Every structure is written in structure tokens, then in C-alpha cells.
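Undergrad: Contents of coords.txt (compact mmCIF, C-alpha atoms and all ligand atoms):
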# COMPACT_ATOMS: atom_id res chain seq x y z
CA MET A 1 45.90 20.09 68.68
CA ASN A 2 44.97 21.38 65.27
CA LEU A 3 47.63 23.49 63.62
CA ILE A 4 48.28 25.51 60.52
CA LEU A 5 51.84 25.58 59.29
CA ILE A 6 53.06 28.74 57.59
CA ALA A 7 56.52 28.88 56.08
CA PRO A 8 58.52 30.03 53.09
CA PRO A 9 59.97 27.40 50.74
CA ALA A 10 62.74 25.30 52.33
CA ALA A 11 61.85 26.24 55.91
CA GLY A 12 61.62 22.58 56.90
CA LYS A 13 57.84 22.26 56.94
CA GLY A 14 57.85 18.61 55.94
CA THR A 15 60.34 17.64 58.64
CA PHE A 16 58.48 19.64 61.27
CA ALA A 17 55.18 18.01 60.34
CA SER A 18 56.62 14.50 60.41
CA MET A 19 58.17 15.14 63.84
CA MET A 20 54.74 16.26 65.08
CA HIS A 21 53.23 13.15 63.59
CA GLU A 22 55.75 10.85 65.21
CA LYS A 23 55.51 12.38 68.65
CA TYR A 24 51.80 13.27 68.87
CA GLY A 25 50.16 11.31 66.07
CA TYR A 26 48.86 14.44 64.35
CA VAL A 27 47.91 13.87 60.75
CA CYS A 28 49.70 16.06 58.25
CA ILE A 29 47.40 17.31 55.52
CA SER A 30 49.32 18.88 52.66
CA ALA A 31 47.30 20.88 50.16
CA GLY A 32 49.72 19.89 47.42
CA GLU A 33 49.38 16.19 48.21
CA LEU A 34 45.59 16.43 48.33
CA LEU A 35 45.60 17.87 44.82
CA ARG A 36 48.11 15.33 43.53
CA GLY A 37 46.06 12.58 45.14
CA VAL A 38 43.00 13.16 42.97
CA ASP A 39 42.64 10.31 40.48
CA PRO A 40 43.99 11.59 37.13
CA SER A 41 41.43 9.54 35.23
CA THR A 42 38.58 11.64 36.65
CA GLU A 43 37.52 14.98 35.18
CA LEU A 44 38.61 16.81 38.33
CA GLY A 45 41.98 15.06 38.34
CA ARG A 46 42.50 15.94 34.70
CA GLN A 47 41.67 19.62 35.33
CA ILE A 48 44.02 19.80 38.31
CA ARG A 49 46.93 18.33 36.35
CA GLU A 50 46.31 20.69 33.47
CA VAL A 51 46.45 23.75 35.73
CA GLN A 52 49.55 22.45 37.51
CA SER A 53 51.32 21.68 34.25
CA ARG A 54 51.01 25.38 33.43
CA ARG A 55 52.61 26.03 36.86
CA GLU A 56 49.44 27.84 37.93
CA LEU A 57 47.52 27.50 41.15
CA VAL A 58 44.44 25.33 41.36
CA SER A 59 41.29 27.36 42.12
CA ASP A 60 40.23 27.88 45.72
CA VAL A 61 36.86 26.26 45.06
CA ILE A 62 38.53 22.95 44.29
CA THR A 63 41.16 23.20 47.03
CA ASN A 64 38.60 24.21 49.67
CA GLN A 65 36.32 21.34 48.73
CA LEU A 66 39.12 18.77 48.88
CA MET A 67 40.22 20.19 52.22
CA LYS A 68 36.71 19.94 53.61
CA GLU A 69 36.34 16.33 52.47
CA ARG A 70 39.70 15.48 53.99
CA LEU A 71 38.76 17.04 57.34
CA MET A 72 35.62 14.92 57.45
CA LYS A 73 37.70 11.74 57.84
CA ASP A 74 38.01 10.15 61.26
CA ASP A 75 41.79 10.04 61.42
CA ILE A 76 42.02 13.76 62.20
CA LYS A 77 40.41 13.33 65.61
CA ASN A 78 43.77 13.27 67.42
CA GLY A 79 44.87 16.47 65.75
CA PHE A 80 46.02 17.66 62.35
CA ILE A 81 48.53 19.96 60.74
CA LEU A 82 47.64 21.84 57.59
CA ASP A 83 50.57 22.36 55.26
CA GLY A 84 50.30 24.83 52.39
CA TYR A 85 46.78 25.86 53.39
CA PRO A 86 45.43 28.47 53.96
CA ARG A 87 47.96 30.23 51.76
CA HIS A 88 46.04 33.49 51.36
CA MET A 89 43.12 35.34 52.98
CA PRO A 90 40.24 33.86 50.94
CA GLN A 91 41.36 30.42 52.12
CA VAL A 92 41.44 31.70 55.72
CA THR A 93 37.77 32.59 55.33
CA ALA A 94 37.14 29.16 53.83
CA ILE A 95 38.91 27.22 56.58
CA ASN A 96 36.97 29.19 59.20
CA GLU A 97 33.72 28.19 57.51
CA ILE A 98 34.81 24.57 57.19
CA CYS A 99 35.78 24.47 60.87
CA ASP A 100 32.41 25.95 61.87
CA GLU A 101 30.54 23.40 59.80
CA LEU A 102 32.52 20.44 61.07
CA SER A 103 32.82 21.71 64.66
CA LEU A 104 36.59 21.84 64.48
CA HIS A 105 38.89 24.59 65.59
CA ILE A 106 42.41 25.75 64.84
CA ASP A 107 44.55 26.05 67.97
CA TYR A 108 47.62 27.70 66.53
CA ALA A 109 49.18 28.93 63.35
CA VAL A 110 52.86 28.02 63.47
CA LEU A 111 55.20 30.28 61.51
CA LEU A 112 58.60 28.86 60.61
CA ASN A 113 60.82 31.87 60.06
CA VAL A 114 63.77 31.49 57.72
CA ASP A 115 65.63 34.33 56.05
CA TYR A 116 65.91 34.47 52.27
CA GLU A 117 69.59 33.51 52.07
CA THR A 118 69.25 30.44 54.29
CA ALA A 119 66.18 29.23 52.45
CA LEU A 120 67.93 29.74 49.11
CA LYS A 121 71.01 27.75 50.20
CA ARG A 122 68.80 24.95 51.46
CA THR A 123 67.02 24.82 48.13
CA LEU A 124 70.03 25.04 45.84
CA GLY A 125 72.08 22.63 47.93
CA ARG A 126 69.40 19.97 48.30
CA GLN A 127 70.39 16.50 47.12
CA ILE A 128 68.35 13.33 47.25
CA CYS A 129 69.33 9.67 47.15
CA PRO A 130 67.32 8.09 44.33
CA LYS A 131 67.37 4.75 46.17
CA CYS A 132 66.49 5.43 49.83
CA LYS A 133 65.11 8.99 49.31
CA LYS A 134 67.30 10.38 52.12
CA THR A 135 67.99 14.08 51.61
CA TYR A 136 71.32 15.87 51.96
CA ASN A 137 72.57 19.39 51.53
CA ARG A 138 75.88 20.33 49.97
CA LEU A 139 75.69 24.08 50.80
CA THR A 140 74.38 24.61 54.32
CA GLY A 141 76.95 22.64 56.32
CA VAL A 142 74.10 20.58 57.79
CA ASN A 143 73.37 17.08 56.43
CA ALA A 144 76.25 17.07 53.97
CA PRO A 145 77.01 13.64 52.51
CA LYS A 146 80.26 12.11 53.85
CA VAL A 147 81.53 11.69 50.30
CA GLU A 148 80.57 14.47 47.90
CA ASN A 149 77.48 13.63 45.81
CA MET A 150 77.15 10.11 47.26
CA CYS A 151 74.54 8.64 49.61
CA ASP A 152 76.14 7.63 52.94
CA ASP A 153 74.06 4.47 53.13
CA CYS A 154 73.58 3.29 49.57
CA ASN A 155 76.79 4.38 47.84
CA VAL A 156 74.61 5.70 45.04
CA GLU A 157 75.09 9.07 43.32
CA LEU A 158 72.76 11.79 44.66
CA THR A 159 70.33 13.66 42.43
CA THR A 160 68.67 17.08 42.60
CA ARG A 161 65.08 18.09 41.89
CA ASN A 162 64.38 19.92 38.65
CA ASP A 163 62.58 22.76 40.35
CA ASP A 164 65.36 23.39 42.88
CA ASN A 165 66.79 26.35 41.00
CA GLU A 166 67.08 30.01 41.91
CA ALA A 167 64.40 31.24 39.48
CA THR A 168 61.74 28.85 40.82
CA PHE A 169 62.82 29.57 44.36
CA LYS A 170 62.45 33.34 43.87
CA ILE A 171 58.93 32.94 42.47
CA GLY A 172 57.92 30.73 45.37
CA TYR A 173 59.44 32.98 47.99
CA SER A 174 57.94 36.22 46.70
CA SER A 175 54.53 34.63 46.30
CA TYR A 176 54.85 33.41 49.89
CA GLU A 177 55.72 36.91 51.14
CA LYS A 178 52.91 38.57 49.24
CA ASN A 179 50.15 36.09 50.12
CA CYS A 180 51.11 34.95 53.58
CA GLU A 181 51.74 38.28 55.22
CA PRO A 182 48.02 39.06 55.71
CA VAL A 183 47.48 35.48 56.88
CA ILE A 184 50.26 35.85 59.46
CA GLU A 185 48.81 39.15 60.64
CA TYR A 186 45.37 37.60 60.90
CA TYR A 187 46.55 34.84 63.24
CA ARG A 188 48.76 37.23 65.17
CA LYS A 189 45.78 39.47 65.91
CA ALA A 190 43.73 36.43 66.85
CA GLY A 191 46.43 35.55 69.41
CA LYS A 192 47.06 32.23 67.69
CA LEU A 193 50.43 32.82 66.08
CA ILE A 194 53.47 30.88 67.27
CA GLU A 195 56.58 32.24 65.63
CA LEU A 196 59.66 30.02 65.50
CA ASP A 197 63.20 30.57 64.30
CA ALA A 198 63.69 27.78 61.79
CA THR A 199 67.21 28.67 60.66
CA GLY A 200 68.75 26.03 62.95
CA SER A 201 68.20 22.28 63.11
CA ALA A 202 64.76 20.66 62.91
CA GLU A 203 65.20 19.49 66.52
CA ASN A 204 65.82 23.05 67.62
CA THR A 205 62.69 24.32 65.86
CA PHE A 206 60.66 21.53 67.41
CA ALA A 207 61.98 22.30 70.91
CA GLN A 208 61.00 25.97 70.47
CA PHE A 209 57.52 24.90 69.51
CA GLU A 210 57.04 22.76 72.60
CA LYS A 211 58.33 25.55 74.84
CA GLU A 212 55.96 28.09 73.28
CA VAL A 213 52.96 25.79 73.64
CA SER A 214 53.69 24.99 77.28
CA LYS A 215 54.11 28.72 77.99
CA ARG A 216 50.63 29.34 76.60
CA ASN A 217 49.10 26.50 78.57
CA ASP A 218 50.52 27.65 81.89
ZN ZN B 301 70.49 6.18 49.90
Would you write the structure of this file as C-alpha cells?

TA:
Amino acid sequence: MNLILIAPPAAGKGTFASMMHEKYGYVCISAGELLRGVDPSTELGRQIREVQSRRELVSDVITNQLMKERLMKDDIKNGFILDGYPRHMPQVTAINEICDELSLHIDYAVLLNVDYETALKRTLGRQICPKCKKTYNRLTGVNAPKVENMCDDCNVELTTRNDDNEATFKIGYSSYEKNCEPVIEYYRKAGKLIELDATGSAENTFAQFEKEVSKRND
């Protein structure tokens, strides 16, 4: 299956995508990672980093082109999940054109629904072990470290990410709401939207997804 993942910040997109990868072998293609993956010594790489350092969005022309090149690789043949793309309507048009050209199709757009408060708590409470990269959360009651601020496995003090603050979160969330709403409506009208409640555990969200897909295939 080829999927598009739509979700506000902290909805658990990364976890969902890696569960899909483990179970079905789908390749997760993150728009952010594609951009970060461009060699910084090239002109394109330099441009991308400059735009990102101003906390602005890289132009659609560049993102669409990178996406197209990525979708031309053989490893997507067993299915792929697009993360962070398309994030607004012009990119929906672009992905439709890319799919036409490459004879690919999108089966479903998966929407991970999380309310503002839950997503905020997940963001502000997020802690990461600098050694093993395991993530914890000190606010949500899920994945709390056994000892406050310490990794369960490494006995190392946990850190937070610089951009995990309320101001950054608000910007991300409102931009998501503004840009993604038409995208969600588009896939809903096309009969391709699968809406999931992602406020619970990752396993729960994943189970909902499988149930919804099997319902549609009946
Ligand atoms: Zn650790």
C-alpha cells in the first residue's frame, strides 16, 4: 500500500511509520529528512540550509523534485508512507502529477487525530536519552522514566530538544490546521481518508488502522 500520513505535531507519526515499516516493509519517506539529506556542499544543499536556518519552508519546486526523485527508487515497490508531504494543496496537485508520471497511486491518506492539549503535553514533556536515543515523556503518564530525568537503561540524564517549547509548538500546530484542512477534505471527498484517534498508545492507533483497512477491503 502507498499511504500519506497527515498529523499535527506530536501525534506519533514517526512511531506509526516505523510500525508500518516493521510489519509490512513499507518505506517511510519523510519530507524533512529528504531535505536534510541533500549534501550541504552542493548549491541546492546550501540553499536548503539557508532557508531552514531562517525557520522558513523550502519552496515546493525543490521539495516536489526531491520527492519525485525519491519515488523513482526501487525500494518503494512494496509500498511507501509519505510523512510531512503533501502538507498543503499545491503539493497535493504535485503528488498527483508525480504519481501519474511514475504510474504510482496513493491508496489512503491516514489522519492521526490528536487534540491540542494532548499534543502540547507530548511535546513539552518529551525527553530523550542522549546515549541510546530512547524517548520518554514526563507529562503524559505514558513512557515516563522510572527515575525522574534518567534513562531506564543507560542511567544517563535525559535531555530535551531545543524546539520542544510552547511557542514553537503553537506555530507548528496552527500552520498544520491552516494548511492541512483542505488536504484532509480533499482526501475525504476522494474516499481515501482513514481517520484514527491517536490520543492513546501507538499500538492502539495501529490496531485501528488495520481494522479500518480490512473494513474497506471486505
Ligand atoms: Zn538510554

Undergrad: Suppose you want the space between CA of Ile128 in chain A and CA of Arg161 in chain A; what is it in Å?

TA: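 Spanning CA of Ile128 in chain A to CA of Arg161 in chain A is a straight-line distance of 7.9 Å.
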
Undergrad: Let me make sure I understand: among A:Ile81, A:Leu158, A:Ala207, A:Cys180, which one has the smallest atom-to-atom distance to ligand ZN 301 (chain B) if we use all atoms listed in the file?

TA: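 The answer is A:Leu158, which sits nearest to ligand ZN 301 (chain B).
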
Undergrad: Return the single residue from A:Leu112, A:Ala10, A:Ser175, A:Gly37 that is closest to Leu124 in chain A, with distances computed using all atoms listed in the file.

TA: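 Among the listed residues, the smallest separation from Leu124 in chain A belongs to A:Ala10.
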
Undergrad: Produce as an NGL selection string the set of residues near ligand ZN 301 (chain B), where near means within 7 Å with all atoms listed in the file considered.

TA: :A and (129-134 or 151-156)

Undergrad: Grab the CA of Leu196 in chain A to CA of Gly12 in chain A distance for me, in Å with one decimal place.

TA: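 Taking CA of Leu196 in chain A and CA of Gly12 in chain A, their separation equals 11.5 Å.
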
Undergrad: Choose the residue, out of A:Tyr176, A:Tyr108, A:Tyr24, A:Phe16, that has the smallest atom-to-atom separation from Gly191 in chain A; count only C-alpha atoms.

TA: A:Tyr108

Undergrad: Which is closer to Arg70 in chain A than all the others in A:Glu33, A:Glu56, A:Asp100, A:Glu210, using all atoms listed in the file?

TA: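 The answer is A:Glu33, which sits nearest to Arg70 in chain A.
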
Undergrad: Compile the contact shell of Gly141 in chain A as a PyMOL selection string: residues with an atom at most 10 Å away, counting all atoms listed in the file, same-chain residues fewer than 6 positions apart removed.

TA: chain A and resi 121-122+125

Undergrad: Could you write those residues out with C-alpha atoms, as a PDB file, keeping the file's coordinate frame?

TA:
ATOM      1  CA  LYS A 121      71.010  27.750  50.200  1.00  0.00           C
ATOM      2  CA  ARG A 122      68.800  24.950  51.460  1.00  0.00           C
ATOM      3  CA  GLY A 125      72.080  22.630  47.930  1.00  0.00           C
TER       4      GLY A 125
END

Undergrad: Hey, can you check how far CA of Arg138 in chain A sits from CA of Phe209 in chain A?

TA: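 Between these atoms lies a distance of 27.2 Å.
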
Undergrad: When you look at Val142 in chain A with a cut-off of 10 Å (counting only C-alpha atoms), what residues show up, excluding the ones that are within fewer than 6 positions of it in the same chain? I need them as a list of chain:residue names.

TA: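 Skipping anything fewer than 6 positions along the chain leaves A:Arg122, A:Tyr136, A:Gly200, A:Ser201.
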
Undergrad: Would you please work out which residue, of A:Asn204, A:Asn149, A:Ser30, A:Thr118, is nearest to Leu66 in chain A when using all atoms listed in the file?

TA: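 Checking each of A:Asn204, A:Asn149, A:Ser30, A:Thr118 against Leu66 in chain A, counting all atoms listed in the file, the winner is A:Ser30.
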
Undergrad: Within 12 Å of (58.1, 26.9, 56.2) (coordinates as in the file), grab all the protein and nucleic acid residues, counting only C-alpha atoms, and write them out as a ChimeraX atom specification.

TA: /A:4-17,82-85,87,109-116,118-119,122,172-173,176-177,180,195-199,202,205

Undergrad: Got a minute to add all heavy atoms to range 73-84 of chain A and dump it as a PDB file, in the frame of the given file?

TA:
ATOM      1  N   LYS A  73      37.251  13.115  57.520  1.00  0.00           N
ATOM      2  CA  LYS A  73      37.700  11.740  57.840  1.00  0.00           C
ATOM      3  C   LYS A  73      38.024  11.614  59.322  1.00  0.00           C
ATOM      4  O   LYS A  73      38.437  12.572  59.967  1.00  0.00           O
ATOM      5  CB  LYS A  73      38.918  11.381  56.983  1.00  0.00           C
ATOM      6  CG  LYS A  73      38.561  11.287  55.509  1.00  0.00           C
ATOM      7  CD  LYS A  73      39.660  10.609  54.724  1.00  0.00           C
ATOM      8  CE  LYS A  73      39.227  10.491  53.265  1.00  0.00           C
ATOM      9  NZ  LYS A  73      40.362  10.360  52.359  1.00  0.00           N
ATOM     10  N   ASP A  74      37.867  10.396  59.822  1.00  0.00           N
ATOM     11  CA  ASP A  74      38.010  10.150  61.260  1.00  0.00           C
ATOM     12  C   ASP A  74      39.431  10.287  61.790  1.00  0.00           C
ATOM     13  O   ASP A  74      39.635  10.540  62.973  1.00  0.00           O
ATOM     14  CB  ASP A  74      37.517   8.725  61.582  1.00  0.00           C
ATOM     15  CG  ASP A  74      36.021   8.718  61.827  1.00  0.00           C
ATOM     16  OD1 ASP A  74      35.471   9.819  62.048  1.00  0.00           O
ATOM     17  OD2 ASP A  74      35.418   7.632  61.792  1.00  0.00           O
ATOM     18  N   ASP A  75      40.407  10.074  60.919  1.00  0.00           N
ATOM     19  CA  ASP A  75      41.790  10.040  61.420  1.00  0.00           C
ATOM     20  C   ASP A  75      42.312  11.384  61.925  1.00  0.00           C
ATOM     21  O   ASP A  75      43.396  11.458  62.497  1.00  0.00           O
ATOM     22  CB  ASP A  75      42.738   9.498  60.333  1.00  0.00           C
ATOM     23  CG  ASP A  75      42.798  10.395  59.107  1.00  0.00           C
ATOM     24  OD1 ASP A  75      41.894  11.246  58.958  1.00  0.00           O
ATOM     25  OD2 ASP A  75      43.734  10.249  58.312  1.00  0.00           O
ATOM     26  N   ILE A  76      41.546  12.452  61.745  1.00  0.00           N
ATOM     27  CA  ILE A  76      42.020  13.760  62.200  1.00  0.00           C
ATOM     28  C   ILE A  76      41.655  14.025  63.662  1.00  0.00           C
ATOM     29  O   ILE A  76      42.023  15.058  64.217  1.00  0.00           O
ATOM     30  CB  ILE A  76      41.447  14.910  61.338  1.00  0.00           C
ATOM     31  CG1 ILE A  76      39.910  14.910  61.413  1.00  0.00           C
ATOM     32  CG2 ILE A  76      41.916  14.808  59.901  1.00  0.00           C
ATOM     33  CD1 ILE A  76      39.341  16.270  61.646  1.00  0.00           C
ATOM     34  N   LYS A  77      40.946  13.085  64.271  1.00  0.00           N
ATOM     35  CA  LYS A  77      40.410  13.330  65.610  1.00  0.00           C
ATOM     36  C   LYS A  77      41.497  13.591  66.673  1.00  0.00           C
ATOM     37  O   LYS A  77      41.262  14.257  67.665  1.00  0.00           O
ATOM     38  CB  LYS A  77      39.526  12.148  66.057  1.00  0.00           C
ATOM     39  CG  LYS A  77      38.263  12.001  65.205  1.00  0.00           C
ATOM     40  CD  LYS A  77      37.212  13.065  65.527  1.00  0.00           C
ATOM     41  CE  LYS A  77      35.917  12.864  64.756  1.00  0.00           C
ATOM     42  NZ  LYS A  77      35.894  13.612  63.483  1.00  0.00           N
ATOM     43  N   ASN A  78      42.695  13.039  66.450  1.00  0.00           N
ATOM     44  CA  ASN A  78      43.770  13.270  67.420  1.00  0.00           C
ATOM     45  C   ASN A  78      44.571  14.533  67.129  1.00  0.00           C
ATOM     46  O   ASN A  78      45.554  14.822  67.800  1.00  0.00           O
ATOM     47  CB  ASN A  78      44.744  12.090  67.447  1.00  0.00           C
ATOM     48  CG  ASN A  78      44.094  10.858  68.021  1.00  0.00           C
ATOM     49  OD1 ASN A  78      43.241  10.957  68.907  1.00  0.00           O
ATOM     50  ND2 ASN A  78      44.472   9.698  67.509  1.00  0.00           N
ATOM     51  N   GLY A  79      44.162  15.249  66.097  1.00  0.00           N
ATOM     52  CA  GLY A  79      44.870  16.470  65.750  1.00  0.00           C
ATOM     53  C   GLY A  79      45.378  16.423  64.327  1.00  0.00           C
ATOM     54  O   GLY A  79      45.605  15.344  63.777  1.00  0.00           O
ATOM     55  N   PHE A  80      45.508  17.598  63.731  1.00  0.00           N
ATOM     56  CA  PHE A  80      46.020  17.660  62.350  1.00  0.00           C
ATOM     57  C   PHE A  80      46.880  18.901  62.160  1.00  0.00           C
ATOM     58  O   PHE A  80      46.830  19.848  62.944  1.00  0.00           O
ATOM     59  CB  PHE A  80      44.862  17.637  61.336  1.00  0.00           C
ATOM     60  CG  PHE A  80      43.872  18.774  61.475  1.00  0.00           C
ATOM     61  CD1 PHE A  80      44.133  20.028  60.935  1.00  0.00           C
ATOM     62  CD2 PHE A  80      42.658  18.569  62.133  1.00  0.00           C
ATOM     63  CE1 PHE A  80      43.216  21.072  61.050  1.00  0.00           C
ATOM     64  CE2 PHE A  80      41.737  19.612  62.265  1.00  0.00           C
ATOM     65  CZ  PHE A  80      42.019  20.864  61.721  1.00  0.00           C
ATOM     66  N   ILE A  81      47.681  18.836  61.124  1.00  0.00           N
ATOM     67  CA  ILE A  81      48.530  19.960  60.740  1.00  0.00           C
ATOM     68  C   ILE A  81      48.259  20.261  59.279  1.00  0.00           C
ATOM     69  O   ILE A  81      48.398  19.373  58.434  1.00  0.00           O
ATOM     70  CB  ILE A  81      50.025  19.594  60.862  1.00  0.00           C
ATOM     71  CG1 ILE A  81      50.318  18.963  62.217  1.00  0.00           C
ATOM     72  CG2 ILE A  81      50.905  20.824  60.636  1.00  0.00           C
ATOM     73  CD1 ILE A  81      51.663  18.263  62.239  1.00  0.00           C
ATOM     74  N   LEU A  82      47.864  21.464  58.990  1.00  0.00           N
ATOM     75  CA  LEU A  82      47.640  21.840  57.590  1.00  0.00           C
ATOM     76  C   LEU A  82      48.918  22.448  57.024  1.00  0.00           C
ATOM     77  O   LEU A  82      49.497  23.360  57.605  1.00  0.00           O
ATOM     78  CB  LEU A  82      46.494  22.850  57.479  1.00  0.00           C
ATOM     79  CG  LEU A  82      45.132  22.419  58.012  1.00  0.00           C
ATOM     80  CD1 LEU A  82      44.090  23.481  57.668  1.00  0.00           C
ATOM     81  CD2 LEU A  82      44.724  21.058  57.442  1.00  0.00           C
ATOM     82  N   ASP A  83      49.332  21.916  55.898  1.00  0.00           N
ATOM     83  CA  ASP A  83      50.570  22.360  55.260  1.00  0.00           C
ATOM     84  C   ASP A  83      50.226  22.944  53.886  1.00  0.00           C
ATOM     85  O   ASP A  83      49.646  22.260  53.053  1.00  0.00           O
ATOM     86  CB  ASP A  83      51.502  21.150  55.144  1.00  0.00           C
ATOM     87  CG  ASP A  83      52.732  21.422  54.302  1.00  0.00           C
ATOM     88  OD1 ASP A  83      52.932  22.566  53.858  1.00  0.00           O
ATOM     89  OD2 ASP A  83      53.502  20.464  54.089  1.00  0.00           O
ATOM     90  N   GLY A  84      50.568  24.205  53.687  1.00  0.00           N
ATOM     91  CA  GLY A  84      50.300  24.830  52.390  1.00  0.00           C
ATOM     92  C   GLY A  84      48.861  25.328  52.260  1.00  0.00           C
ATOM     93  O   GLY A  84      48.397  25.625  51.168  1.00  0.00           O
TER      94      GLY A  84
END
